[in-house]
$ cat final_17.tsv   # TSV, C-alpha atoms
chain	number	residue	atom	x	y	z
U	109	MET	CA	-4.46	-9.58	43.66
U	110	GLN	CA	-2.79	-8.94	40.38
U	111	THR	CA	-2.43	-5.27	39.65
U	112	PHE	CA	-1.42	-3.52	36.48
U	113	LEU	CA	1.92	-2.63	38.05
U	114	PRO	CA	4.22	-5.51	39.03
U	115	THR	CA	3.73	-6.26	42.72
U	116	LYS	CA	7.46	-6.56	43.29
U	117	LEU	CA	7.89	-2.81	42.83
U	118	ARG	CA	8.53	-0.91	46.03
U	119	ARG	CA	5.75	1.35	47.25
U	120	ALA	CA	7.89	4.48	46.75
U	121	ASP	CA	8.44	3.50	43.10
U	122	ARG	CA	4.73	2.92	42.59
U	123	ILE	CA	3.91	6.33	44.06
U	124	LEU	CA	6.49	7.91	41.73
U	125	ILE	CA	5.08	6.10	38.70
U	126	VAL	CA	1.60	7.36	39.52
U	127	SER	CA	2.56	10.88	40.57
U	128	VAL	CA	4.27	11.79	37.28
U	129	PRO	CA	1.14	11.31	35.12
U	130	ALA	CA	-0.96	12.85	37.90
U	131	ALA	CA	1.24	15.95	37.89
U	132	LEU	CA	1.05	16.14	34.07
U	133	VAL	CA	-2.76	15.94	34.24
U	134	ALA	CA	-2.81	18.68	36.89
U	135	ILE	CA	-0.62	20.95	34.71
U	136	ALA	CA	-2.80	20.23	31.66
U	137	VAL	CA	-5.94	21.10	33.65
U	138	GLY	CA	-4.39	24.39	34.78
U	139	VAL	CA	-3.27	25.36	31.26
U	140	LEU	CA	-6.60	24.33	29.71
U	141	ARG	CA	-8.59	26.29	32.27
U	142	VAL	CA	-6.73	29.52	31.49
U	143	PHE	CA	-6.04	29.27	27.76
U	144	ASN	CA	-8.62	28.56	25.06
U	145	PRO	CA	-7.23	26.15	22.43
U	146	ALA	CA	-9.54	27.80	19.87
U	147	THR	CA	-7.62	31.09	20.12
U	148	ALA	CA	-4.25	30.45	21.82
U	149	TRP	CA	-1.45	30.00	19.26
U	150	PHE	CA	0.47	27.22	21.02
U	151	PHE	CA	-2.20	24.51	20.62
U	152	PRO	CA	-1.54	22.70	17.34
U	153	PRO	CA	-4.70	21.87	15.39
U	154	CYS	CA	-5.50	18.18	14.89
U	155	PRO	CA	-2.92	16.65	12.49
U	156	PHE	CA	-5.50	14.20	11.11
U	157	ARG	CA	-7.79	17.07	10.22
U	158	ALA	CA	-4.96	19.10	8.71
U	159	LEU	CA	-3.86	16.13	6.60
U	160	THR	CA	-7.22	14.79	5.42
U	161	GLY	CA	-9.65	17.63	5.99
U	162	TYR	CA	-11.90	15.30	7.99
U	163	LEU	CA	-12.65	15.46	11.69
U	164	CYS	CA	-11.25	12.65	13.87
U	165	PRO	CA	-13.15	11.18	16.86
U	166	GLY	CA	-11.01	13.31	19.17
U	167	CYS	CA	-11.36	16.65	17.39
U	168	GLY	CA	-12.57	19.33	19.78
U	169	THR	CA	-11.49	17.48	22.93
U	170	LEU	CA	-9.16	20.22	24.17
U	171	ARG	CA	-11.59	23.02	23.30
U	172	ALA	CA	-14.37	21.09	25.02
U	173	LEU	CA	-12.23	20.57	28.14
U	174	HIS	CA	-11.49	24.30	28.21
U	175	GLN	CA	-15.23	25.04	28.12
U	176	LEU	CA	-15.92	22.39	30.77
U	177	LEU	CA	-13.22	23.72	33.12
U	178	ASN	CA	-14.83	27.14	32.83
U	179	GLY	CA	-18.27	25.78	33.62
U	180	HIS	CA	-19.76	25.81	30.11
U	181	VAL	CA	-21.07	22.24	29.95
U	182	GLY	CA	-23.34	22.88	26.96
U	183	ALA	CA	-20.56	24.38	24.86
U	184	ALA	CA	-18.33	21.43	25.79
U	185	PHE	CA	-21.00	18.96	24.62
U	186	LYS	CA	-21.26	20.77	21.29
U	187	LEU	CA	-17.50	20.56	20.69
U	188	ASN	CA	-17.12	16.84	21.39
U	189	PRO	CA	-20.13	14.97	22.83
U	190	LEU	CA	-18.34	11.59	22.67
U	191	MET	CA	-15.53	12.78	24.93
U	192	MET	CA	-18.01	14.32	27.37
U	193	VAL	CA	-19.90	11.02	27.68
U	194	LEU	CA	-16.76	8.93	28.10
U	195	LEU	CA	-14.94	11.33	30.44
U	196	PRO	CA	-16.64	10.15	33.69
U	197	CYS	CA	-15.96	6.48	32.82
U	198	VAL	CA	-12.33	7.16	31.95
U	199	GLY	CA	-11.94	9.26	35.09
U	200	TYR	CA	-13.34	6.47	37.27
U	201	ALA	CA	-11.13	3.78	35.71
U	202	GLY	CA	-8.04	5.99	35.77
U	203	ALA	CA	-8.58	6.93	39.43
U	204	SER	CA	-9.14	3.25	40.26
U	205	ASP	CA	-5.85	2.22	38.66
U	206	ALA	CA	-3.99	5.04	40.42
U	207	LEU	CA	-5.46	4.06	43.82
U	208	GLU	CA	-4.65	0.40	43.15
U	209	ALA	CA	-1.05	1.25	42.34
U	210	VAL	CA	-0.54	3.32	45.49
U	211	PHE	CA	-2.73	1.56	48.06
U	212	GLY	CA	-3.00	-1.89	46.48
U	213	ARG	CA	-6.75	-1.57	46.20
U	214	GLY	CA	-8.76	0.20	43.52
U	215	LEU	CA	-12.42	1.15	43.20
U	216	PRO	CA	-14.96	-1.64	42.58
U	217	ARG	CA	-14.29	-3.23	39.21
U	218	VAL	CA	-16.95	-3.36	36.54
U	219	PHE	CA	-16.64	-6.25	34.12
U	220	LEU	CA	-18.01	-5.10	30.78
U	221	ARG	CA	-19.64	-7.82	28.75
U	222	PRO	CA	-17.96	-7.99	25.31
U	223	VAL	CA	-21.19	-6.83	23.65
U	224	TYR	CA	-20.92	-3.47	25.40
U	225	ILE	CA	-17.34	-2.92	24.26
U	226	TRP	CA	-18.36	-3.84	20.69
U	227	MET	CA	-21.17	-1.31	20.99
U	228	LEU	CA	-18.70	1.31	22.24
U	229	LEU	CA	-16.43	0.60	19.27
U	230	ALA	CA	-19.40	0.91	16.90
U	231	ILE	CA	-20.47	4.18	18.55
U	232	ILE	CA	-16.97	5.67	18.18
U	233	ILE	CA	-16.75	4.70	14.49
U	234	LEU	CA	-20.30	5.90	13.76
U	235	PHE	CA	-19.56	9.16	15.60
U	236	TRP	CA	-16.40	9.54	13.52
U	237	ILE	CA	-18.28	9.05	10.25
U	238	GLY	CA	-21.35	10.95	11.38
U	239	ARG	CA	-19.58	14.12	12.43
U	240	ASN	CA	-18.08	14.41	8.93
U	241	THR	CA	-21.48	14.34	7.22
U	242	PRO	CA	-23.47	17.51	6.50
U	243	LEU	CA	-26.07	16.18	8.95
U	244	ALA	CA	-23.79	16.95	11.91
U	245	ALA	CA	-23.62	20.65	11.04
U	246	ARG	CA	-27.39	20.93	11.49
U	247	LEU	CA	-27.39	19.64	15.07
G	191	MET	CA	9.13	-39.81	67.62
G	192	PHE	CA	12.06	-41.59	66.02
G	193	CYS	CA	12.93	-41.32	62.36
G	194	SER	CA	12.07	-44.52	60.46
G	195	LYS	CA	15.15	-44.16	58.27
G	196	CYS	CA	18.04	-43.04	60.49
G	197	GLY	CA	16.48	-43.48	63.92
G	198	ALA	CA	17.25	-39.96	65.10
G	199	PRO	CA	14.89	-38.61	67.81
G	200	ASN	CA	12.57	-35.90	66.55
G	201	ASP	CA	10.01	-33.59	68.07
G	202	ASP	CA	6.44	-34.82	67.48
G	203	ARG	CA	5.46	-31.65	65.65
G	204	THR	CA	8.19	-31.71	62.97
G	205	TRP	CA	7.39	-32.71	59.40
G	206	ARG	CA	10.87	-33.86	58.42
G	207	CYS	CA	13.68	-35.57	60.30
G	208	VAL	CA	16.16	-33.01	61.64
G	209	GLN	CA	19.07	-35.25	60.64
G	210	CYS	CA	18.28	-36.88	57.30
G	211	HIS	CA	15.29	-34.73	56.17
G	212	THR	CA	13.11	-37.77	55.48
G	213	PRO	CA	9.40	-36.86	55.71
G	214	LEU	CA	8.03	-38.12	59.03
G	215	ARG	CA	4.39	-37.61	58.19
G	216	ALA	CA	2.32	-36.94	55.13
G	217	VAL	CA	2.97	-33.40	53.97
G	218	PRO	CA	-0.21	-31.35	54.33
G	219	PRO	CA	-1.85	-30.59	51.01
G	220	HIS	CA	-1.02	-27.12	49.78
G	221	VAL	CA	-4.12	-25.05	50.19
G	222	ALA	CA	-4.61	-23.06	47.02
G	223	PHE	CA	-5.89	-19.65	47.96
G	224	ASP	CA	-5.28	-17.57	44.87
G	225	PRO	CA	-7.63	-14.65	44.41
G	226	PRO	CA	-9.27	-14.59	40.97
G	227	GLU	CA	-6.88	-13.30	38.35
G	228	VAL	CA	-7.64	-9.90	36.90
G	229	ILE	CA	-6.70	-9.68	33.22
G	230	PRO	CA	-6.62	-5.99	32.33
G	231	ASN	CA	-8.19	-5.00	29.01
G	232	TYR	CA	-6.70	-1.47	29.01
G	233	LEU	CA	-10.03	-0.10	27.79
G	234	TRP	CA	-9.85	3.27	29.48
G	235	ARG	CA	-6.35	3.89	28.17
G	236	ALA	CA	-7.51	2.91	24.69
G	237	ILE	CA	-10.36	5.42	24.95
G	238	VAL	CA	-7.99	8.16	26.12
G	239	CYS	CA	-5.71	7.43	23.15
G	240	THR	CA	-8.64	7.54	20.74
G	241	VAL	CA	-10.10	10.76	22.06
G	242	PHE	CA	-6.87	12.66	22.78
G	243	CYS	CA	-4.23	11.57	20.30
G	244	CYS	CA	-5.70	12.78	17.01
G	245	VAL	CA	-4.43	9.57	15.44
G	246	PRO	CA	-7.17	6.93	15.27
G	247	LEU	CA	-4.81	4.19	16.45
G	248	GLY	CA	-6.76	3.73	19.67
G	249	ILE	CA	-9.37	1.81	17.63
G	250	PRO	CA	-7.30	-1.43	17.40
G	251	ALA	CA	-6.61	-1.11	21.14
G	252	ILE	CA	-10.37	-1.02	21.81
G	253	PHE	CA	-10.79	-3.99	19.46
G	254	TYR	CA	-8.31	-6.03	21.54
G	255	ALA	CA	-10.08	-4.91	24.73
G	256	THR	CA	-13.23	-6.57	23.34
G	257	GLN	CA	-11.16	-9.69	22.63
G	258	VAL	CA	-9.90	-9.81	26.23
G	259	ASN	CA	-13.39	-9.78	27.72
G	260	THR	CA	-14.77	-12.15	25.05
G	261	LYS	CA	-12.09	-14.71	25.90
G	262	ILE	CA	-12.57	-14.26	29.66
G	263	VAL	CA	-16.28	-15.00	29.22
G	264	ARG	CA	-15.42	-18.10	27.17
G	265	GLY	CA	-12.94	-19.25	29.82
G	266	ASP	CA	-9.95	-18.95	27.49
G	267	LEU	CA	-7.62	-17.28	30.01
G	268	ALA	CA	-4.44	-17.88	28.01
G	269	GLY	CA	-6.00	-16.23	24.97
G	270	ALA	CA	-7.28	-13.37	27.13
G	271	ARG	CA	-3.77	-12.76	28.46
G	272	LYS	CA	-2.47	-12.67	24.88
G	273	SER	CA	-5.13	-10.18	23.80
G	274	SER	CA	-4.42	-8.15	26.94
G	275	LYS	CA	-0.78	-7.81	25.85
G	276	ARG	CA	-1.87	-6.80	22.35
G	277	ALA	CA	-4.27	-4.20	23.79
G	278	ARG	CA	-1.46	-2.77	25.89
G	279	MET	CA	0.86	-2.73	22.89
G	280	TRP	CA	-1.66	-0.82	20.76
G	281	CYS	CA	-2.27	1.67	23.58
G	282	TRP	CA	1.45	2.45	23.61
G	283	ILE	CA	1.61	2.63	19.79
G	284	ALA	CA	-1.35	5.04	19.73
G	285	PHE	CA	0.14	7.09	22.55
G	286	GLY	CA	3.61	7.19	21.00
G	287	CYS	CA	2.39	8.02	17.50
G	288	GLY	CA	0.01	10.64	18.86
G	289	LEU	CA	2.80	12.27	20.85
G	290	ALA	CA	5.29	12.11	17.97
G	291	VAL	CA	2.87	13.39	15.33
G	292	ASN	CA	1.60	16.22	17.53
G	293	LEU	CA	5.09	17.30	18.58
G	294	PHE	CA	6.34	17.19	14.99
G	295	TYR	CA	3.31	19.14	13.85
G	296	ALA	CA	3.69	21.72	16.63
G	297	VAL	CA	7.36	22.27	15.78
G	298	LEU	CA	6.54	22.51	12.07
G	299	LEU	CA	3.79	25.03	12.73
G	300	SER	CA	5.93	27.19	15.00
G	301	ILE	CA	8.69	27.30	12.36
G	302	LEU	CA	6.18	28.29	9.66
G	303	PHE	CA	4.57	30.79	12.02
G	304	ASN	CA	7.90	32.51	12.66
G	305	ARG	CA	8.76	32.58	8.92
G	306	VAL	CA	5.47	34.25	8.06
G	307	ARG	CA	6.08	36.90	10.65
$ encode --input "final_17.tsv" --output "structure tokens"
Amino acid sequence: MQTFLPTKLRRADRILIVSVPAALVAIAVGVLRVFNPATAWFFPPCPFRALTGYLCPGCGTLRALHQLLNGHVGAAFKLNPLMMVLLPCVGYAGASDALEAVFGRGLPRVFLRPVYIWMLLAIIILFWIGRNTPLAARL
Amino acid sequence: MFCSKCGAPNDDRTWRCVQCHTPLRAVPPHVAFDPPEVIPNYLWRAIVCTVFCCVPLGIPAIFYATQVNTKIVRGDLAGARKSSKRARMWCWIAFGCGLAVNLFYAVLLSILFNRVR
């Protein structure tokens, strides 16, 4: 079974490679649960937005995660619905890759037909354009 | 069993002569038992880069993810591997640029913030 990490790596190395990002994610979750990016000074606003004045597809992700970690699912959806929809999928795939790296076996793989990935790409670009139109403010 | 070439006595179960290494019997065909190759399309990493990095460079990574799966469906495994590498490359570019831009911006802001105060 070909994995995303070279199979010749020792198990200890694989565990190390996985544990560093895992630790970073854990720290990020802790910080995001306590501090609100909307008010805390140390979260930089989105550079794309600062530069162009337009929202990017990822704008509101950190604020949404803060709301989610504090149990406010509705508020999180308002801040970045795209991220909220994709989060479970990304979580599943990320966990699968981590398990595969450590135990040599991930979660069941889902092969996405190319059409679905094209649709995802279209949704992201439409979301990007759409959230910058006056229509988005009415929702 | 005696070797047909050098005449050395060999055990009946050996494949090659112990003395001159001449094959004594037909070598058994190598049984190919390779599990199906998984060509990663790095889609979830591309999505993370798009949604977290503030720099819309994850978009090309998602584009190459579509290419990987398109080529797998068509049976073009060599092409799929190539697109897989490109997808990985764009994930790293998006991640690196996102990190660099955000760090630069954070440092810039904190300097300005301290000046204003």
$ interface_residues --input "final_17.tsv" --of "chain U" --to "chain G" --cutoff "7 Å" --atoms "all atoms listed in the file" --output "number ranges by chain"
U: 109-110, 152, 154-156, 164-167, 169, 191, 198, 201, 221-222, 225-226, 229
$ residues_around --input "final_17.tsv" --residues "Met279 in chain G" --least-positions-apart "5" --cutoff "9 Å" --atoms "all atoms listed in the file" --output "list in words"
Ala251, Ser274 and Ala284 of chain G
$ write_last_selection --input "final_17.tsv" --atoms "C-alpha atoms" --output "compact mmCIF listing (two decimals), keeping the file's coordinate frame"
# COMPACT_ATOMS: atom_id res chain seq x y z
CA ALA G 251 -6.61 -1.11 21.14
CA SER G 274 -4.42 -8.15 26.94
CA ALA G 284 -1.35 5.04 19.73
$ atom_distance --input "final_17.tsv" --atom1 "CA of Phe143 in chain U" --atom2 "CA of Leu177 in chain U"
10.5 Å
$ atom_distance --input "final_17.tsv" --atom1 "CA of Phe151 in chain U" --atom2 "CA of Leu289 in chain G"
13.2 Å
$ residues_around --input "final_17.tsv" --residues "Arg122 in chain U" --least-positions-apart "3" --cutoff "9 Å" --atoms "all atoms listed in the file" --output "ChimeraX atom specification"
/U:113,117-119,125-127,209-210
$ atom_distance --input "final_17.tsv" --atom1 "CA of Ile231 in chain U" --atom2 "CA of Asn188 in chain U"
13.4 Å
$ build_atoms --input "final_17.tsv" --residues "range 125-137 of chain U" --atoms "N, CA and C atoms" --output "PDB file, keeping the file's coordinate frame"
ATOM      1  N   ILE U 125       5.638   6.415  40.024  1.00  0.00           N
ATOM      2  CA  ILE U 125       5.080   6.100  38.700  1.00  0.00           C
ATOM      3  C   ILE U 125       3.712   6.734  38.529  1.00  0.00           C
ATOM      4  N   VAL U 126       2.947   6.783  39.612  1.00  0.00           N
ATOM      5  CA  VAL U 126       1.600   7.360  39.520  1.00  0.00           C
ATOM      6  C   VAL U 126       1.646   8.876  39.573  1.00  0.00           C
ATOM      7  N   SER U 127       2.585   9.429  40.353  1.00  0.00           N
ATOM      8  CA  SER U 127       2.560  10.880  40.570  1.00  0.00           C
ATOM      9  C   SER U 127       2.990  11.657  39.341  1.00  0.00           C
ATOM     10  N   VAL U 128       3.841  11.068  38.486  1.00  0.00           N
ATOM     11  CA  VAL U 128       4.270  11.790  37.280  1.00  0.00           C
ATOM     12  C   VAL U 128       3.091  12.057  36.335  1.00  0.00           C
ATOM     13  N   PRO U 129       2.311  11.010  35.942  1.00  0.00           N
ATOM     14  CA  PRO U 129       1.140  11.310  35.120  1.00  0.00           C
ATOM     15  C   PRO U 129       0.136  12.211  35.827  1.00  0.00           C
ATOM     16  N   ALA U 130      -0.011  12.033  37.153  1.00  0.00           N
ATOM     17  CA  ALA U 130      -0.960  12.850  37.900  1.00  0.00           C
ATOM     18  C   ALA U 130      -0.556  14.321  37.832  1.00  0.00           C
ATOM     19  N   ALA U 131       0.749  14.576  37.965  1.00  0.00           N
ATOM     20  CA  ALA U 131       1.240  15.950  37.890  1.00  0.00           C
ATOM     21  C   ALA U 131       1.011  16.525  36.492  1.00  0.00           C
ATOM     22  N   LEU U 132       1.258  15.687  35.449  1.00  0.00           N
ATOM     23  CA  LEU U 132       1.050  16.140  34.070  1.00  0.00           C
ATOM     24  C   LEU U 132      -0.422  16.503  33.840  1.00  0.00           C
ATOM     25  N   VAL U 133      -1.317  15.667  34.389  1.00  0.00           N
ATOM     26  CA  VAL U 133      -2.760  15.940  34.240  1.00  0.00           C
ATOM     27  C   VAL U 133      -3.096  17.253  34.936  1.00  0.00           C
ATOM     28  N   ALA U 134      -2.531  17.453  36.134  1.00  0.00           N
ATOM     29  CA  ALA U 134      -2.810  18.680  36.890  1.00  0.00           C
ATOM     30  C   ALA U 134      -2.345  19.912  36.113  1.00  0.00           C
ATOM     31  N   ILE U 135      -1.140  19.824  35.506  1.00  0.00           N
ATOM     32  CA  ILE U 135      -0.620  20.950  34.710  1.00  0.00           C
ATOM     33  C   ILE U 135      -1.532  21.206  33.515  1.00  0.00           C
ATOM     34  N   ALA U 136      -1.934  20.109  32.839  1.00  0.00           N
ATOM     35  CA  ALA U 136      -2.800  20.230  31.660  1.00  0.00           C
ATOM     36  C   ALA U 136      -4.119  20.898  32.043  1.00  0.00           C
ATOM     37  N   VAL U 137      -4.673  20.509  33.204  1.00  0.00           N
ATOM     38  CA  VAL U 137      -5.940  21.100  33.650  1.00  0.00           C
ATOM     39  C   VAL U 137      -5.766  22.601  33.874  1.00  0.00           C
TER      40      VAL U 137
END
